[in-house]
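This is query_15.cif (mmCIF, C-alpha atoms).
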```cif
data_structure
loop_
_atom_site.label_atom_id
_atom_site.label_comp_id
_atom_site.auth_asym_id
_atom_site.auth_seq_id
_atom_site.Cartn_x
_atom_site.Cartn_y
_atom_site.Cartn_z
CA MET A 113 20.83 -35.83 -36.19
CA VAL A 114 24.37 -34.57 -36.77
CA THR A 115 25.69 -34.18 -40.31
CA PRO A 116 27.90 -37.18 -41.21
CA ASN A 117 31.65 -36.71 -40.56
CA ARG A 118 31.00 -33.69 -38.31
CA PHE A 119 30.26 -32.94 -34.67
CA TRP A 120 28.16 -30.34 -32.90
CA THR A 121 29.16 -28.73 -29.64
CA LEU A 122 26.11 -28.31 -27.41
CA TYR A 123 26.05 -26.12 -24.32
CA LYS A 124 24.36 -26.25 -20.93
CA GLY A 125 20.58 -26.16 -21.38
CA GLN A 126 20.56 -27.40 -24.99
CA THR A 127 18.85 -30.71 -25.77
CA ILE A 128 19.42 -33.86 -27.82
CA GLY A 129 16.08 -35.66 -27.94
CA PRO A 130 15.22 -36.50 -24.30
CA TRP A 131 18.72 -35.54 -23.10
CA THR A 132 19.71 -32.11 -21.75
CA VAL A 133 23.25 -30.80 -21.43
CA THR A 134 23.66 -30.20 -17.68
CA GLN A 135 27.08 -28.61 -17.35
CA ASN A 136 29.57 -26.85 -19.62
CA ASN A 137 29.37 -28.49 -23.05
CA ILE A 138 29.51 -31.82 -24.87
CA ASP A 139 30.20 -32.89 -28.45
CA LEU A 140 27.55 -34.81 -30.37
CA ILE A 141 29.50 -36.88 -32.90
CA GLY A 142 27.98 -37.69 -36.31
CA ARG A 143 28.24 -40.88 -38.35
CA GLY A 144 31.67 -41.33 -39.91
CA PHE A 145 33.55 -38.85 -37.69
CA TRP A 146 34.55 -41.87 -35.66
CA GLN A 147 33.11 -45.30 -34.98
CA ALA A 148 29.83 -45.23 -33.07
CA ALA A 149 28.66 -48.24 -31.06
CA ASP A 150 25.34 -48.26 -32.91
CA GLY A 151 26.65 -46.86 -36.19
CA VAL A 152 24.78 -43.54 -35.94
CA GLN A 153 26.15 -41.04 -33.41
CA SER A 154 27.77 -40.84 -29.98
CA VAL A 155 28.52 -38.25 -27.28
CA ASP A 156 31.92 -37.04 -26.09
CA LEU A 157 31.15 -35.89 -22.54
CA SER A 158 34.07 -33.41 -22.60
CA GLY A 159 33.09 -30.86 -25.22
CA SER A 160 35.27 -28.69 -27.40
CA SER A 161 35.94 -25.11 -26.44
CA SER A 162 37.20 -22.36 -28.72
CA SER A 163 36.86 -19.69 -26.04
CA GLY A 164 39.04 -21.20 -23.33
CA PRO A 165 39.96 -24.46 -21.64
CA ALA A 166 37.60 -27.37 -22.12
CA LEU A 167 35.66 -28.38 -19.04
CA GLU A 168 33.89 -31.53 -18.00
CA GLY A 169 30.44 -31.76 -19.58
CA GLY A 170 27.35 -33.72 -18.72
CA VAL A 171 23.99 -34.87 -20.07
CA ALA A 172 20.88 -36.01 -18.22
CA ARG A 173 17.41 -37.33 -18.90
CA VAL A 174 14.34 -38.19 -16.89
CA VAL A 175 13.55 -41.90 -16.70
CA ASP A 176 9.96 -42.82 -15.84
CA THR A 177 9.78 -45.22 -12.91
CA ASP A 178 6.89 -46.55 -10.82
CA THR A 179 4.37 -44.14 -9.35
CA LEU A 180 4.62 -46.06 -6.08
CA PRO A 181 8.18 -47.39 -5.90
CA LEU A 182 8.56 -50.75 -4.24
CA PRO A 183 11.84 -52.14 -2.89
CA LEU A 184 11.35 -55.21 -5.11
CA PHE A 185 12.08 -53.18 -8.24
CA THR A 186 15.38 -51.81 -9.41
CA TYR A 187 16.27 -50.13 -12.66
CA VAL A 188 19.29 -51.19 -14.67
CA GLY A 189 20.98 -48.83 -17.07
CA THR A 190 23.38 -49.98 -19.74
CA PHE A 191 25.56 -48.01 -22.11
CA CYS A 192 28.52 -48.48 -24.41
CA LEU A 193 31.69 -46.74 -23.23
CA ALA A 194 34.77 -45.64 -25.18
CA GLY A 195 37.04 -42.61 -25.09
CA ASN A 196 38.02 -39.87 -27.49
CA PRO A 197 41.33 -41.20 -28.92
CA GLN A 198 42.35 -37.87 -30.48
CA GLY A 199 44.07 -36.40 -27.40
CA GLY A 200 45.17 -37.01 -23.83
CA PRO A 201 44.95 -38.10 -21.20
CA SER A 202 44.81 -41.74 -22.31
CA VAL A 203 42.47 -42.70 -19.45
CA LYS A 204 39.08 -40.96 -19.65
CA THR A 205 36.89 -40.90 -16.54
CA GLY A 206 33.30 -40.11 -15.67
CA GLN A 207 30.35 -40.77 -13.42
CA VAL A 208 26.69 -41.72 -13.51
CA LEU A 209 24.43 -39.92 -11.02
CA VAL A 210 20.79 -40.66 -10.24
CA ASN A 211 18.85 -37.81 -8.66
CA GLY A 212 22.20 -36.18 -7.86
CA SER A 213 23.71 -39.21 -6.09
CA LEU A 214 26.71 -41.06 -7.49
CA VAL A 215 25.82 -44.63 -8.55
CA HIS A 216 28.67 -45.53 -10.91
CA ASP A 217 32.24 -44.40 -11.66
CA PHE A 218 33.70 -45.38 -15.01
CA SER A 219 37.00 -45.12 -16.84
CA PHE A 220 38.28 -46.08 -20.27
CA ASP A 221 41.87 -46.41 -21.49
CA THR A 222 42.27 -45.25 -25.11
CA THR A 223 45.76 -46.71 -25.51
CA GLY A 224 45.82 -48.54 -28.85
CA LYS A 225 42.40 -47.22 -29.87
CA SER A 226 41.62 -45.10 -32.96
CA THR A 227 38.68 -43.34 -34.58
CA THR A 228 38.02 -46.47 -36.66
CA SER A 229 38.45 -48.89 -33.75
CA MET A 230 37.10 -47.19 -30.63
CA GLY A 231 36.93 -50.37 -28.52
CA TYR A 232 33.47 -49.78 -27.04
CA ARG A 233 32.62 -51.95 -24.05
CA PRO A 234 29.32 -52.35 -22.18
CA GLU A 235 28.85 -50.72 -18.77
CA THR A 236 25.98 -51.37 -16.36
CA PHE A 237 24.64 -49.56 -13.31
CA SER A 238 21.51 -49.93 -11.19
CA PHE A 239 19.35 -47.83 -8.92
CA THR A 240 16.16 -48.06 -6.88
CA ALA A 241 13.45 -45.56 -7.70
CA SER A 242 12.33 -43.16 -5.00
CA GLY A 243 9.45 -41.64 -6.94
CA PRO A 244 7.70 -41.65 -10.32
CA HIS A 245 10.77 -40.29 -12.14
CA ALA A 246 14.53 -40.49 -11.83
CA LEU A 247 17.02 -38.01 -13.25
CA VAL A 248 19.95 -39.97 -14.71
CA GLU A 249 23.07 -37.94 -15.49
CA PHE A 250 26.33 -38.87 -17.19
CA ARG A 251 29.27 -36.58 -16.36
CA SER A 252 32.83 -36.38 -17.54
CA THR A 253 35.53 -36.01 -14.90
CA THR A 254 38.21 -35.61 -17.60
CA PRO A 255 39.20 -31.91 -17.79
CA THR A 256 40.18 -31.82 -21.46
CA ALA A 257 38.33 -31.68 -24.78
CA TYR A 258 39.04 -35.41 -25.20
CA GLY A 259 36.71 -37.17 -22.81
CA PRO A 260 34.76 -40.35 -22.26
CA VAL A 261 32.38 -41.31 -25.07
CA ILE A 262 28.96 -42.86 -24.46
CA ASP A 263 26.49 -44.48 -26.83
CA LYS A 264 23.49 -46.86 -26.81
CA VAL A 265 22.07 -45.91 -23.41
CA SER A 266 19.08 -47.98 -22.30
CA PHE A 267 17.07 -48.67 -19.13
CA LYS A 268 15.20 -51.75 -17.88
CA LYS A 269 12.91 -52.34 -14.90
CA CYS A 270 13.96 -55.42 -12.92
CA LEU A 271 12.15 -57.45 -10.27
CA LEU A 272 14.55 -58.38 -7.45
CA GLY A 273 17.42 -57.40 -9.77
CA LEU A 274 16.91 -60.62 -11.75
CA PHE A 275 13.92 -60.44 -14.07
CA CYS A 276 14.07 -57.44 -16.36
CA SER A 277 11.57 -56.07 -18.83
#
```
Any chance you could give the structure as structure tokens?
Amino acid sequence: MVTPNRFWTLYKGQTIGPWTVTQNNIDLIGRGFWQAADGVQSVDLSGSSSSGPALEGGVARVVDTDTLPLPLFTYVGTFCLAGNPQGGPSVKTGQVLVNGSLVHDFSFDTTGKSTTSMGYRPETFSFTASGPHALVEFRSTTPTAYGPVIDKVSFKKCLLGLFCS
């Protein structure tokens, strides 16, 4: 866990629990640095860079799915989305990929937002499993150190896209 009122920059290959940084770097934001959706910590997908221009970062994790995937089952991912309000551009953009394929584009306008009122909103995406595991990746497409912010990521298995567990 990050020290309160601080952030850690993590680089490609480093981990945060089940998550691995997949490209460039990200910032893991501690409690009190800015508002988190769950009150603990969040991730700015465009990390800081003291050695040059900031680049789009990404994080991924493996989600366990069915051993024998059936077309009746889908998986629904949810997360809280905001944007780093401390610098431009005002609209932060990113993507969700599953096993390398794009399943969801997202954007967030930080106009009128602040570190104490981030304006988190829920986002949802779904995918069908093609094997016992799925690699779910969140990527920034904002080429600055002030990117999209994600928090409270969760996954549910759904029958026919209706009944989730």
Item to check | Pick from A:Ser161, A:Phe145, A:Pro244, A:Val171 nearest to Thr127 in chain A, counting all atoms listed in the file | outcome: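 That would be A:Val171, the residue with the smallest distance to Thr127 in chain A.
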Next on the checklist: Can you tell me which residues surround Cys270 in chain A at a distance of at most 6 Å, considering all atoms listed in the file, apart from same-chain residues fewer than 4 positions away, and format the answer as a PyMOL selection string?
Outcome noted: chain A and resi 185-187+275-276
Next on the checklist: I want to know what sits within 10 Å of range 209-218 of chain A, based on only C-alpha atoms, with residues of the same chain fewer than 6 positions away left out; could you give that as a list of chain:residue names?
Outcome noted: A:Ala172, A:Arg173, A:Val174, A:Val175, A:Leu193, A:Glu235, A:Thr236, A:Phe237, A:Ser238, A:Phe239, A:Thr240, A:Ala241, A:Ser242, A:His245, A:Ala246, A:Leu247, A:Val248, A:Glu249, A:Phe250, A:Arg251, A:Ser252, A:Thr253, A:Pro260
Checklist entry - Hey, can you check how far CA of Ser154 in chain A sits from CA of Asp176 in chain A? => result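 Calculated distance between CA of Ser154 in chain A and CA of Asp176 in chain A is 22.8 Å.
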Item to check | Residues returned when the PyMOL selection byres ((chain A and resi 156) around 12) runs on this file, as a ChimeraX atom specification | outcome: /A:119-122,133,137-142,145-146,148,153-155,157-160,166-171,193-198,204-206,250-254,256-263
Item to check | Gap from CA of Gly189 in chain A to CA of Ser266 in chain A - Å, one decimal | outcome: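 Those two atoms sit 5.6 Å apart.
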Evaluate the PyMOL selection byres ((chain A and resi 203) around 7) and report residues as a compact mmCIF listing (two decimals) with C-alpha atoms, in the frame of the given file:
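Okay, this is what ended up in out10.txt:
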```
# COMPACT_ATOMS: atom_id res chain seq x y z
CA PRO A 201 44.95 -38.10 -21.20
CA SER A 202 44.81 -41.74 -22.31
CA LYS A 204 39.08 -40.96 -19.65
CA THR A 205 36.89 -40.90 -16.54
CA SER A 219 37.00 -45.12 -16.84
CA PHE A 220 38.28 -46.08 -20.27
CA ASP A 221 41.87 -46.41 -21.49
CA THR A 222 42.27 -45.25 -25.11
```
Would you mind completing range 119-130 of chain A to all heavy atoms and writing the output as an mmCIF file, in the coordinates of the input?
```cif
data_model
loop_
_atom_site.group_PDB
_atom_site.id
_atom_site.type_symbol
_atom_site.label_atom_id
_atom_site.label_comp_id
_atom_site.auth_asym_id
_atom_site.auth_seq_id
_atom_site.Cartn_x
_atom_site.Cartn_y
_atom_site.Cartn_z
ATOM 1 N N PHE A 119 30.792 -32.900 -36.037
ATOM 2 C CA PHE A 119 30.260 -32.940 -34.670
ATOM 3 C C PHE A 119 29.691 -31.572 -34.347
ATOM 4 O O PHE A 119 30.069 -30.565 -34.943
ATOM 5 C CB PHE A 119 31.321 -33.369 -33.653
ATOM 6 C CG PHE A 119 32.434 -32.377 -33.433
ATOM 7 C CD1 PHE A 119 32.325 -31.389 -32.456
ATOM 8 C CD2 PHE A 119 33.588 -32.441 -34.181
ATOM 9 C CE1 PHE A 119 33.357 -30.489 -32.246
ATOM 10 C CE2 PHE A 119 34.627 -31.550 -33.978
ATOM 11 C CZ PHE A 119 34.510 -30.566 -33.005
ATOM 12 N N TRP A 120 28.759 -31.575 -33.409
ATOM 13 C CA TRP A 120 28.160 -30.340 -32.900
ATOM 14 C C TRP A 120 28.540 -30.202 -31.444
ATOM 15 O O TRP A 120 28.434 -31.162 -30.674
ATOM 16 C CB TRP A 120 26.645 -30.370 -32.985
ATOM 17 C CG TRP A 120 26.067 -30.348 -34.359
ATOM 18 C CD1 TRP A 120 26.671 -29.985 -35.529
ATOM 19 C CD2 TRP A 120 24.730 -30.717 -34.710
ATOM 20 N NE1 TRP A 120 25.797 -30.108 -36.574
ATOM 21 C CE2 TRP A 120 24.594 -30.556 -36.103
ATOM 22 C CE3 TRP A 120 23.642 -31.183 -33.978
ATOM 23 C CZ2 TRP A 120 23.418 -30.820 -36.778
ATOM 24 C CZ3 TRP A 120 22.468 -31.440 -34.648
ATOM 25 C CH2 TRP A 120 22.355 -31.256 -36.028
ATOM 26 N N THR A 121 28.944 -29.015 -31.052
ATOM 27 C CA THR A 121 29.160 -28.730 -29.640
ATOM 28 C C THR A 121 27.861 -28.152 -29.099
ATOM 29 O O THR A 121 27.317 -27.199 -29.656
ATOM 30 C CB THR A 121 30.333 -27.746 -29.449
ATOM 31 O OG1 THR A 121 31.518 -28.345 -29.993
ATOM 32 C CG2 THR A 121 30.547 -27.444 -27.979
ATOM 33 N N LEU A 122 27.347 -28.769 -28.050
ATOM 34 C CA LEU A 122 26.110 -28.310 -27.410
ATOM 35 C C LEU A 122 26.442 -27.832 -26.011
ATOM 36 O O LEU A 122 27.288 -28.420 -25.321
ATOM 37 C CB LEU A 122 25.093 -29.454 -27.358
ATOM 38 C CG LEU A 122 24.666 -29.974 -28.736
ATOM 39 C CD1 LEU A 122 23.968 -31.306 -28.607
ATOM 40 C CD2 LEU A 122 23.755 -28.960 -29.403
ATOM 41 N N TYR A 123 25.753 -26.788 -25.580
ATOM 42 C CA TYR A 123 26.050 -26.120 -24.320
ATOM 43 C C TYR A 123 24.944 -26.339 -23.293
ATOM 44 O O TYR A 123 23.816 -26.703 -23.642
ATOM 45 C CB TYR A 123 26.250 -24.620 -24.580
ATOM 46 C CG TYR A 123 27.440 -24.377 -25.475
ATOM 47 C CD1 TYR A 123 27.304 -24.388 -26.858
ATOM 48 C CD2 TYR A 123 28.708 -24.210 -24.933
ATOM 49 C CE1 TYR A 123 28.408 -24.207 -27.681
ATOM 50 C CE2 TYR A 123 29.820 -24.030 -25.749
ATOM 51 C CZ TYR A 123 29.652 -24.032 -27.125
ATOM 52 O OH TYR A 123 30.746 -23.869 -27.934
ATOM 53 N N LYS A 124 25.288 -26.075 -22.043
ATOM 54 C CA LYS A 124 24.360 -26.250 -20.930
ATOM 55 C C LYS A 124 22.982 -25.689 -21.291
ATOM 56 O O LYS A 124 22.861 -24.567 -21.751
ATOM 57 C CB LYS A 124 24.899 -25.563 -19.680
ATOM 58 C CG LYS A 124 24.051 -25.792 -18.453
ATOM 59 C CD LYS A 124 24.660 -25.157 -17.223
ATOM 60 C CE LYS A 124 23.759 -25.406 -16.023
ATOM 61 N NZ LYS A 124 24.363 -24.865 -14.806
ATOM 62 N N GLY A 125 21.960 -26.536 -21.097
ATOM 63 C CA GLY A 125 20.580 -26.160 -21.380
ATOM 64 C C GLY A 125 20.082 -26.610 -22.749
ATOM 65 O O GLY A 125 18.880 -26.703 -22.961
ATOM 66 N N GLN A 126 20.983 -26.917 -23.685
ATOM 67 C CA GLN A 126 20.560 -27.400 -24.990
ATOM 68 C C GLN A 126 20.182 -28.883 -24.887
ATOM 69 O O GLN A 126 20.621 -29.581 -23.971
ATOM 70 C CB GLN A 126 21.652 -27.193 -26.036
ATOM 71 C CG GLN A 126 21.874 -25.728 -26.372
ATOM 72 C CD GLN A 126 22.874 -25.554 -27.491
ATOM 73 O OE1 GLN A 126 24.060 -25.819 -27.312
ATOM 74 N NE2 GLN A 126 22.397 -25.106 -28.646
ATOM 75 N N THR A 127 19.367 -29.341 -25.841
ATOM 76 C CA THR A 127 18.850 -30.710 -25.770
ATOM 77 C C THR A 127 19.222 -31.528 -27.011
ATOM 78 O O THR A 127 19.439 -30.987 -28.088
ATOM 79 C CB THR A 127 17.315 -30.719 -25.622
ATOM 80 O OG1 THR A 127 16.731 -30.049 -26.745
ATOM 81 C CG2 THR A 127 16.889 -30.043 -24.334
ATOM 82 N N ILE A 128 19.258 -32.846 -26.776
ATOM 83 C CA ILE A 128 19.420 -33.860 -27.820
ATOM 84 C C ILE A 128 18.313 -34.865 -27.553
ATOM 85 O O ILE A 128 18.454 -35.705 -26.667
ATOM 86 C CB ILE A 128 20.770 -34.596 -27.707
ATOM 87 C CG1 ILE A 128 21.935 -33.662 -27.505
ATOM 88 C CG2 ILE A 128 20.981 -35.527 -28.885
ATOM 89 C CD1 ILE A 128 23.174 -34.348 -26.945
ATOM 90 N N GLY A 129 17.203 -34.772 -28.247
ATOM 91 C CA GLY A 129 16.080 -35.660 -27.940
ATOM 92 C C GLY A 129 15.681 -35.493 -26.489
ATOM 93 O O GLY A 129 15.488 -34.371 -26.014
ATOM 94 N N PRO A 130 15.623 -36.610 -25.714
ATOM 95 C CA PRO A 130 15.220 -36.500 -24.300
ATOM 96 C C PRO A 130 16.358 -36.058 -23.376
ATOM 97 O O PRO A 130 16.150 -35.882 -22.178
ATOM 98 C CB PRO A 130 14.787 -37.930 -23.962
ATOM 99 C CG PRO A 130 15.645 -38.788 -24.836
ATOM 100 C CD PRO A 130 15.785 -38.009 -26.135
#
```
